[in-house]
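**Student:** Structure supplied as model-v1.cif; contents: mmCIF, C-alpha atoms and all ligand atoms.
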```
data_target
loop_
_atom_site.label_atom_id
_atom_site.label_comp_id
_atom_site.auth_asym_id
_atom_site.auth_seq_id
_atom_site.Cartn_x
_atom_site.Cartn_y
_atom_site.Cartn_z
CA MET A 300 20.87 49.32 -35.77
CA PRO A 301 20.99 52.53 -33.69
CA ASN A 302 23.49 52.63 -30.86
CA THR A 303 22.29 51.55 -27.42
CA ALA A 304 22.31 55.05 -25.93
CA VAL A 305 19.89 56.36 -28.55
CA GLN A 306 17.73 53.26 -28.39
CA ILE A 307 17.39 53.40 -24.64
CA GLY A 308 17.06 57.18 -24.62
CA ASN A 309 14.02 56.85 -26.82
CA LEU A 310 12.15 54.49 -24.56
CA LYS A 311 9.41 56.20 -22.63
CA ASN A 312 8.74 55.52 -18.94
CA ARG A 313 11.87 53.52 -18.47
CA GLY A 314 12.48 52.62 -14.88
CA PHE A 315 15.58 52.22 -12.79
CA LYS A 316 16.15 48.58 -13.79
CA LEU A 317 16.58 49.46 -17.44
CA GLU A 318 18.64 52.47 -16.51
CA ALA A 319 20.94 50.40 -14.30
CA LYS A 320 21.34 47.79 -17.03
CA PHE A 321 22.33 50.48 -19.50
CA TRP A 322 25.14 51.79 -17.24
CA GLN A 323 26.34 48.35 -16.18
CA GLU A 324 26.62 47.36 -19.82
CA LYS A 325 28.42 50.56 -20.68
CA TRP A 326 31.04 49.82 -18.02
CA LYS A 327 31.28 46.18 -19.11
CA SER A 328 31.74 47.04 -22.79
CA VAL A 329 34.87 49.17 -22.47
CA GLU A 330 37.74 49.73 -20.09
CA THR A 331 37.08 53.47 -19.91
CA PRO A 332 33.79 54.97 -21.11
CA GLY A 333 33.88 58.14 -23.22
CA PHE A 334 32.48 60.36 -20.45
CA HIS A 335 35.47 59.70 -18.17
CA LYS A 336 37.98 62.56 -17.99
CA SER A 337 41.64 61.80 -17.50
CA GLU A 338 42.14 65.07 -15.61
CA TYR A 339 40.39 66.98 -12.84
CA HIS A 340 37.33 68.76 -14.20
CA PRO A 341 38.42 72.32 -15.07
CA GLN A 342 35.22 73.81 -13.64
CA LEU A 343 35.86 72.12 -10.29
CA VAL A 344 39.45 73.33 -10.22
CA LYS A 345 38.43 76.86 -11.20
CA ASN A 346 35.42 77.18 -8.90
CA TYR A 347 36.70 75.25 -5.88
CA PRO A 348 37.57 78.54 -4.10
CA LEU A 349 33.89 79.54 -4.30
CA LEU A 350 32.86 76.54 -2.26
CA GLU A 351 32.63 77.54 1.35
CA LEU A 352 34.16 74.42 2.78
CA SER A 353 36.19 73.78 5.89
CA PRO A 354 38.90 71.11 6.03
CA ASN A 355 37.40 67.65 6.65
CA ASP A 356 33.96 68.71 5.40
CA PRO A 357 32.25 65.74 3.76
CA PHE A 358 31.83 66.36 0.04
CA LEU A 359 29.58 64.33 -2.25
CA ILE A 360 30.07 63.31 -5.86
CA PRO A 361 26.90 61.47 -6.88
CA LEU A 362 27.06 59.06 -9.83
CA CYS A 363 30.83 59.33 -9.64
CA GLY A 364 32.07 56.68 -12.06
CA LYS A 365 35.83 56.56 -11.50
CA SER A 366 36.12 60.33 -11.60
CA LEU A 367 39.43 61.93 -10.63
CA ASP A 368 37.39 64.67 -9.00
CA LEU A 369 37.09 62.45 -5.92
CA LYS A 370 40.86 62.55 -5.67
CA PHE A 371 40.93 66.31 -6.19
CA MET A 372 38.58 66.88 -3.26
CA ALA A 373 40.41 64.37 -1.06
CA ASP A 374 43.71 66.10 -1.81
CA LYS A 375 42.10 69.34 -0.62
CA GLY A 376 41.55 67.62 2.73
CA HIS A 377 37.86 66.79 2.45
CA LYS A 378 36.18 63.47 2.92
CA ALA A 379 35.12 62.70 -0.64
CA ILE A 380 32.04 60.48 -0.85
CA GLY A 381 30.94 58.95 -4.13
CA PHE A 382 28.01 56.82 -5.23
CA GLU A 383 28.41 54.54 -8.21
CA LEU A 384 26.42 51.61 -9.60
CA SER A 385 29.27 49.82 -11.31
CA ILE A 386 31.64 47.82 -9.11
CA LYS A 387 34.05 47.71 -12.03
CA ALA A 388 34.30 51.50 -11.97
CA VAL A 389 34.82 51.51 -8.19
CA ASN A 390 37.53 48.84 -8.32
CA GLN A 391 39.27 50.65 -11.16
CA PHE A 392 39.23 53.89 -9.18
CA PHE A 393 40.93 52.47 -6.07
CA HIS A 394 43.29 50.31 -8.11
CA SER A 395 44.48 53.13 -10.39
CA HIS A 396 45.19 55.45 -7.46
CA LYS A 397 46.76 52.64 -5.41
CA ILE A 398 44.42 53.39 -2.52
CA LYS A 399 43.56 50.53 -0.16
CA ALA A 400 39.86 50.44 0.64
CA ILE A 401 38.10 48.37 3.26
CA GLN A 402 34.86 46.82 2.03
CA SER A 403 31.73 46.47 4.11
CA ASP A 404 28.00 46.11 3.57
CA VAL A 405 25.96 49.17 4.48
CA GLY A 406 22.26 48.69 3.82
CA PRO A 407 21.91 47.99 0.09
CA PHE A 408 25.43 49.29 -0.64
CA LYS A 409 28.89 47.84 -0.79
CA ARG A 410 30.93 50.53 0.89
CA PHE A 411 34.58 51.01 -0.10
CA GLN A 412 36.17 52.99 2.68
CA SER A 413 39.58 54.64 2.74
CA GLU A 414 41.04 57.48 4.77
CA TYR A 415 39.82 60.31 2.54
CA ILE A 416 37.58 58.65 -0.06
CA ASP A 417 34.50 56.47 0.43
CA ILE A 418 32.51 55.08 -2.47
CA TYR A 419 29.11 53.50 -1.97
CA CYS A 420 28.54 51.00 -4.73
CA GLY A 421 24.82 50.80 -5.45
CA ASP A 422 21.83 52.91 -6.34
CA PHE A 423 22.28 56.54 -5.28
CA PHE A 424 18.52 56.93 -4.92
CA LYS A 425 18.78 54.72 -1.81
CA TRP A 426 21.14 57.30 -0.20
CA ARG A 427 19.06 57.45 3.00
CA GLU A 428 20.24 53.93 3.85
CA ALA A 429 23.91 54.93 3.61
CA ASN A 430 23.94 56.82 6.91
CA LEU A 431 25.89 59.72 5.48
CA PRO A 432 27.67 62.39 7.52
CA ALA A 433 26.46 65.99 7.03
CA ILE A 434 27.36 66.80 3.43
CA ARG A 435 28.56 70.40 2.93
CA GLY A 436 29.20 70.37 -0.81
CA VAL A 437 28.33 68.47 -3.97
CA PHE A 438 29.94 68.33 -7.39
CA ASP A 439 27.45 67.31 -10.04
CA ARG A 440 29.25 66.57 -13.27
CA ALA A 441 27.53 64.20 -15.67
CA ALA A 442 25.12 63.07 -12.93
CA LEU A 443 21.97 65.18 -13.43
CA VAL A 444 22.50 65.16 -17.20
CA ALA A 445 22.94 61.37 -17.16
CA LEU A 446 19.36 60.89 -16.00
CA PRO A 447 16.20 60.82 -18.16
CA PRO A 448 13.45 63.35 -17.29
CA LYS A 449 11.45 61.09 -14.95
CA MET A 450 14.48 60.17 -12.88
CA ARG A 451 15.63 63.78 -12.78
CA GLN A 452 12.42 64.67 -10.93
CA GLU A 453 13.36 62.20 -8.19
CA TYR A 454 16.97 63.38 -8.24
CA TYR A 455 16.11 67.07 -7.68
CA GLN A 456 14.21 66.12 -4.55
CA VAL A 457 17.20 64.36 -3.00
CA PHE A 458 19.14 67.56 -2.42
CA GLY A 459 16.28 69.42 -0.81
CA GLU A 460 16.32 66.71 1.85
CA LEU A 461 19.99 65.75 2.00
CA LEU A 462 21.61 69.17 2.33
CA THR A 463 21.47 71.63 5.21
CA VAL A 464 21.34 75.43 4.98
CA GLY A 465 24.47 76.92 3.43
CA SER A 466 25.56 73.69 1.72
CA GLN A 467 26.42 74.12 -1.94
CA ILE A 468 26.17 72.29 -5.22
CA LEU A 469 28.53 73.01 -8.08
CA LEU A 470 26.44 71.85 -11.01
CA ILE A 471 27.40 71.38 -14.63
CA ALA A 472 24.51 71.11 -17.05
CA PHE A 473 24.38 70.82 -20.81
CA GLU A 474 22.14 72.68 -23.21
CA TYR A 475 21.54 71.49 -26.75
CA ASP A 476 18.63 70.68 -29.04
CA GLN A 477 17.12 67.55 -27.51
CA ASN A 478 14.99 67.07 -30.65
CA LEU A 479 18.14 66.20 -32.56
CA LEU A 480 19.57 63.69 -30.14
CA ALA A 481 18.28 61.43 -27.39
CA GLY A 482 20.41 61.41 -24.25
CA PRO A 483 22.37 60.60 -22.28
CA PRO A 484 23.76 63.11 -21.80
CA PHE A 485 20.46 64.97 -21.63
CA SER A 486 19.92 68.65 -22.22
CA VAL A 487 18.89 70.35 -18.96
CA PRO A 488 18.05 73.97 -19.70
CA ALA A 489 18.26 76.81 -17.18
CA SER A 490 14.46 76.91 -16.95
CA GLU A 491 14.43 73.31 -15.67
CA VAL A 492 17.24 73.95 -13.17
CA SER A 493 15.39 76.97 -11.85
CA ARG A 494 11.97 75.29 -11.75
CA ASN A 495 13.29 72.39 -9.71
CA TYR A 496 15.94 73.95 -7.50
CA ALA A 497 14.80 77.53 -6.88
CA SER A 498 12.53 76.66 -3.95
CA HIS A 499 15.43 75.19 -1.93
CA PHE A 500 18.48 76.94 -3.39
CA ASN A 501 19.81 80.34 -4.41
CA ILE A 502 21.02 79.79 -7.95
CA LYS A 503 23.96 81.59 -9.47
CA LYS A 504 24.99 80.96 -13.07
CA LEU A 505 28.78 81.01 -13.10
CA SER A 506 29.55 80.46 -16.76
CA ALA A 507 28.23 79.18 -20.06
CA CYS A 508 30.57 78.09 -22.79
CA GLU A 509 30.23 76.39 -26.10
CA VAL A 510 31.87 72.98 -25.94
CA GLU A 511 33.69 71.56 -28.91
CA ILE A 512 31.59 68.78 -30.37
CA SER A 513 34.14 66.02 -30.70
CA ASN A 514 31.73 63.12 -30.15
CA PRO A 515 30.86 61.58 -33.56
CA ARG A 516 27.37 60.72 -32.27
CA PHE A 517 26.70 64.44 -31.78
CA HIS A 518 28.07 65.27 -35.22
CA GLN A 519 25.95 62.62 -36.89
CA ALA A 520 22.85 63.99 -35.19
CA GLY A 521 23.56 67.38 -36.77
CA LEU A 522 24.22 69.23 -33.52
CA THR A 523 26.00 72.51 -34.07
CA HIS A 524 25.48 73.97 -30.63
CA PHE A 525 26.34 72.36 -27.29
CA GLN A 526 26.75 74.48 -24.20
CA GLU A 527 28.22 73.60 -20.85
CA VAL A 528 26.60 75.73 -18.16
CA THR A 529 28.00 75.88 -14.64
CA TYR A 530 25.89 76.88 -11.63
CA LEU A 531 26.58 77.40 -7.97
CA LEU A 532 23.56 76.52 -5.84
CA THR A 533 23.44 77.46 -2.17
CA LYS A 534 20.85 75.88 0.11
CA LYS A 535 18.46 78.42 1.62
C1 LIG B 1 27.85 59.89 -17.27
S1 LIG B 1 28.60 58.97 -16.02
C2 LIG B 1 29.46 60.23 -15.11
C3 LIG B 1 30.46 59.71 -14.14
C4 LIG B 1 31.24 60.81 -13.38
N1 LIG B 1 30.39 61.77 -12.74
C5 LIG B 1 32.24 61.48 -14.27
O1 LIG B 1 32.22 62.71 -14.36
O2 LIG B 1 33.07 60.77 -14.88
C6 LIG B 1 27.25 58.53 -14.98
C7 LIG B 1 27.63 57.47 -13.95
O3 LIG B 1 26.55 57.28 -13.06
C8 LIG B 1 26.44 55.91 -12.74
N2 LIG B 1 25.03 55.74 -12.32
C9 LIG B 1 23.93 55.84 -13.10
N3 LIG B 1 22.82 55.71 -12.35
C10 LIG B 1 23.23 55.56 -11.05
C11 LIG B 1 22.56 55.38 -9.82
N4 LIG B 1 21.23 55.34 -9.75
N5 LIG B 1 23.30 55.26 -8.69
C12 LIG B 1 24.65 55.30 -8.74
N6 LIG B 1 25.35 55.46 -9.89
C13 LIG B 1 24.64 55.58 -11.04
C14 LIG B 1 26.84 55.21 -14.02
O4 LIG B 1 27.29 53.90 -13.81
C15 LIG B 1 27.95 56.12 -14.54
O5 LIG B 1 29.21 55.71 -14.09
#
```
The structure given in the file should be rewritten as structure tokens.
Ligand SMILES: C[S@@+](CC[C@H](N)C(=O)[O-])C[C@H]1O[C@@H](n2cnc3c(N)ncnc32)[C@H](O)[C@@H]1O
**Tutor:**
Amino acid sequence: MPNTAVQIGNLKNRGFKLEAKFWQEKWKSVETPGFHKSEYHPQLVKNYPLLELSPNDPFLIPLCGKSLDLKFMADKGHKAIGFELSIKAVNQFFHSHKIKAIQSDVGPFKRFQSEYIDIYCGDFFKWREANLPAIRGVFDRAALVALPPKMRQEYYQVFGELLTVGSQILLIAFEYDQNLLAGPPFSVPASEVSRNYASHFNIKKLSACEVEISNPRFHQAGLTHFQEVTYLLTKK
């Protein structure tokens, strides 16, 4: 029996319902999924000075899980705003950082609001109904690459609409041989990033580094090459 990620990754034309079920089950099945990092993401820490942000600027982390990066941005004085499907992940986030959050219903979302961090629990693709403040920066780690090709098309369009001129996205993408392994995480090559973002953003490749393949699933698939590529996108 193949593991669920591969099984679901192989299904063509899967819609949001199946996608949502996959992530909800992933969060249900373990306390902390393998993608979660127990430290701030090194690319965010390193490249934060490149983000042209002012104190208090709202900063978005889409598909945030219980990422510590929300805390990093809040500690820098920004209003960190996350979107996450799994209420378990959201509860774990506030509980583990001992942050009190007020809950309210905002459109289709359950909003968890604290002084510096708000998380909207629900489907990010409904972001228009969240009444967001003007977002000046985005950190995309394991968000774009978590989505299958069809959903990525919808995802690229969000930022053309959501962000104003000068706003930035710090994006981390992966590149590997997709023929050897079904995602997530998906391989999103530079050609795809450029094809979908170049009309709205100036794209600067900041770094590309080979990542150690520690995941047994990747080993079993025969992957020998797995690159993490970091981009800075600035809205034109
Ligand atoms: C690969 S994880 C990455 C989490 C986080 N960015 C991190 O670095 O730890 C992707 C997350 O997106 C959430 N997710 C998937 N689809 C979503 C959607 N449509 N709206 C909101 N969250 C979603 C999943 O529940 C999961 O926690």
**Student:** Please identify every polymer residue within 6 Å of ligand LIG 1 (chain B), using only C-alpha atoms and all ligand atoms, and present the set as a PyMOL selection string.
**Tutor:** chain A and resi 319+322+334-335+362-364+366+382-385+421-424+440-442+445
**Student:** Taking only C-alpha atoms into account, which of A:Gly459, A:Pro447, A:Gly333, A:Gly381 comes nearest A:Leu359?
**Tutor:**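 Among the listed residues, A:Gly381 lies closest to A:Leu359.
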**Student:** Could you give me, as a list in words, the residues within 12 Å of A:Pro348, counting only C-alpha atoms and dropping anything in the same chain fewer than 5 positions from it?
**Tutor:**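 What passes the distance filter is Gln342, Leu343, Ser353, Met372, Lys375, Leu469 and Leu531 of chain A.
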**Student:** Counting all atoms listed in the file, which residue out of A:Pro341, A:Thr529, A:Lys387, A:Ala379 sits closest to A:Gln323?
**Tutor:**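 Result for the nearest residue to A:Gln323: A:Lys387.
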**Student:** Which residue is closest to A:Glu474? Choose from A:Arg410, A:His524, A:Lys365, A:Lys325 and count only C-alpha atoms.
**Tutor:**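 Smallest distance to A:Glu474 is found for A:His524.
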**Student:** Hey, which of A:Val457, A:Met450, A:Leu350, A:Ile512 ends up closest to A:Lys425? Count all atoms listed in the file.
**Tutor:**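 Ranking A:Val457, A:Met450, A:Leu350, A:Ile512 by distance to A:Lys425, first place goes to A:Val457.
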**Student:** Can you pull out the residues contacting stretch 397-399 of chain A? Cut-off 12 Å, using only C-alpha atoms, and skip same-chain residues under 3 positions away; I want them as a VMD selection string.
**Tutor:** chain A and resid 370 373 389 to 394 402 411 to 417
**Student:** Let's have the selection written as a compact mmCIF listing (two decimals), in the coordinates of the input, with C-alpha atoms.
**Tutor:**
```txt
# COMPACT_ATOMS: atom_id res chain seq x y z
CA LYS A 370 40.86 62.55 -5.67
CA ALA A 373 40.41 64.37 -1.06
CA VAL A 389 34.82 51.51 -8.19
CA ASN A 390 37.53 48.84 -8.32
CA GLN A 391 39.27 50.65 -11.16
CA PHE A 392 39.23 53.89 -9.18
CA PHE A 393 40.93 52.47 -6.07
CA HIS A 394 43.29 50.31 -8.11
CA GLN A 402 34.86 46.82 2.03
CA PHE A 411 34.58 51.01 -0.10
CA GLN A 412 36.17 52.99 2.68
CA SER A 413 39.58 54.64 2.74
CA GLU A 414 41.04 57.48 4.77
CA TYR A 415 39.82 60.31 2.54
CA ILE A 416 37.58 58.65 -0.06
CA ASP A 417 34.50 56.47 0.43
```
**Student:** Please compute the atom CA of A:Ser337-atom CA of A:Leu367 distance, one decimal, in Å.
**Tutor:** 7.2 Å
**Student:** Using all atoms listed in the file, which residue out of A:Ala497, A:Leu369, A:Pro332, A:Phe473 lies closest to A:Val344?
**Tutor:** A:Leu369
**Student:** Between atom CA of A:Pro407 and atom CA of A:Gln456, measure the distance and give it in Å to one decimal.
**Tutor:**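 Atom CA of A:Gln456 lies at a distance of 20.2 Å from atom CA of A:Pro407.
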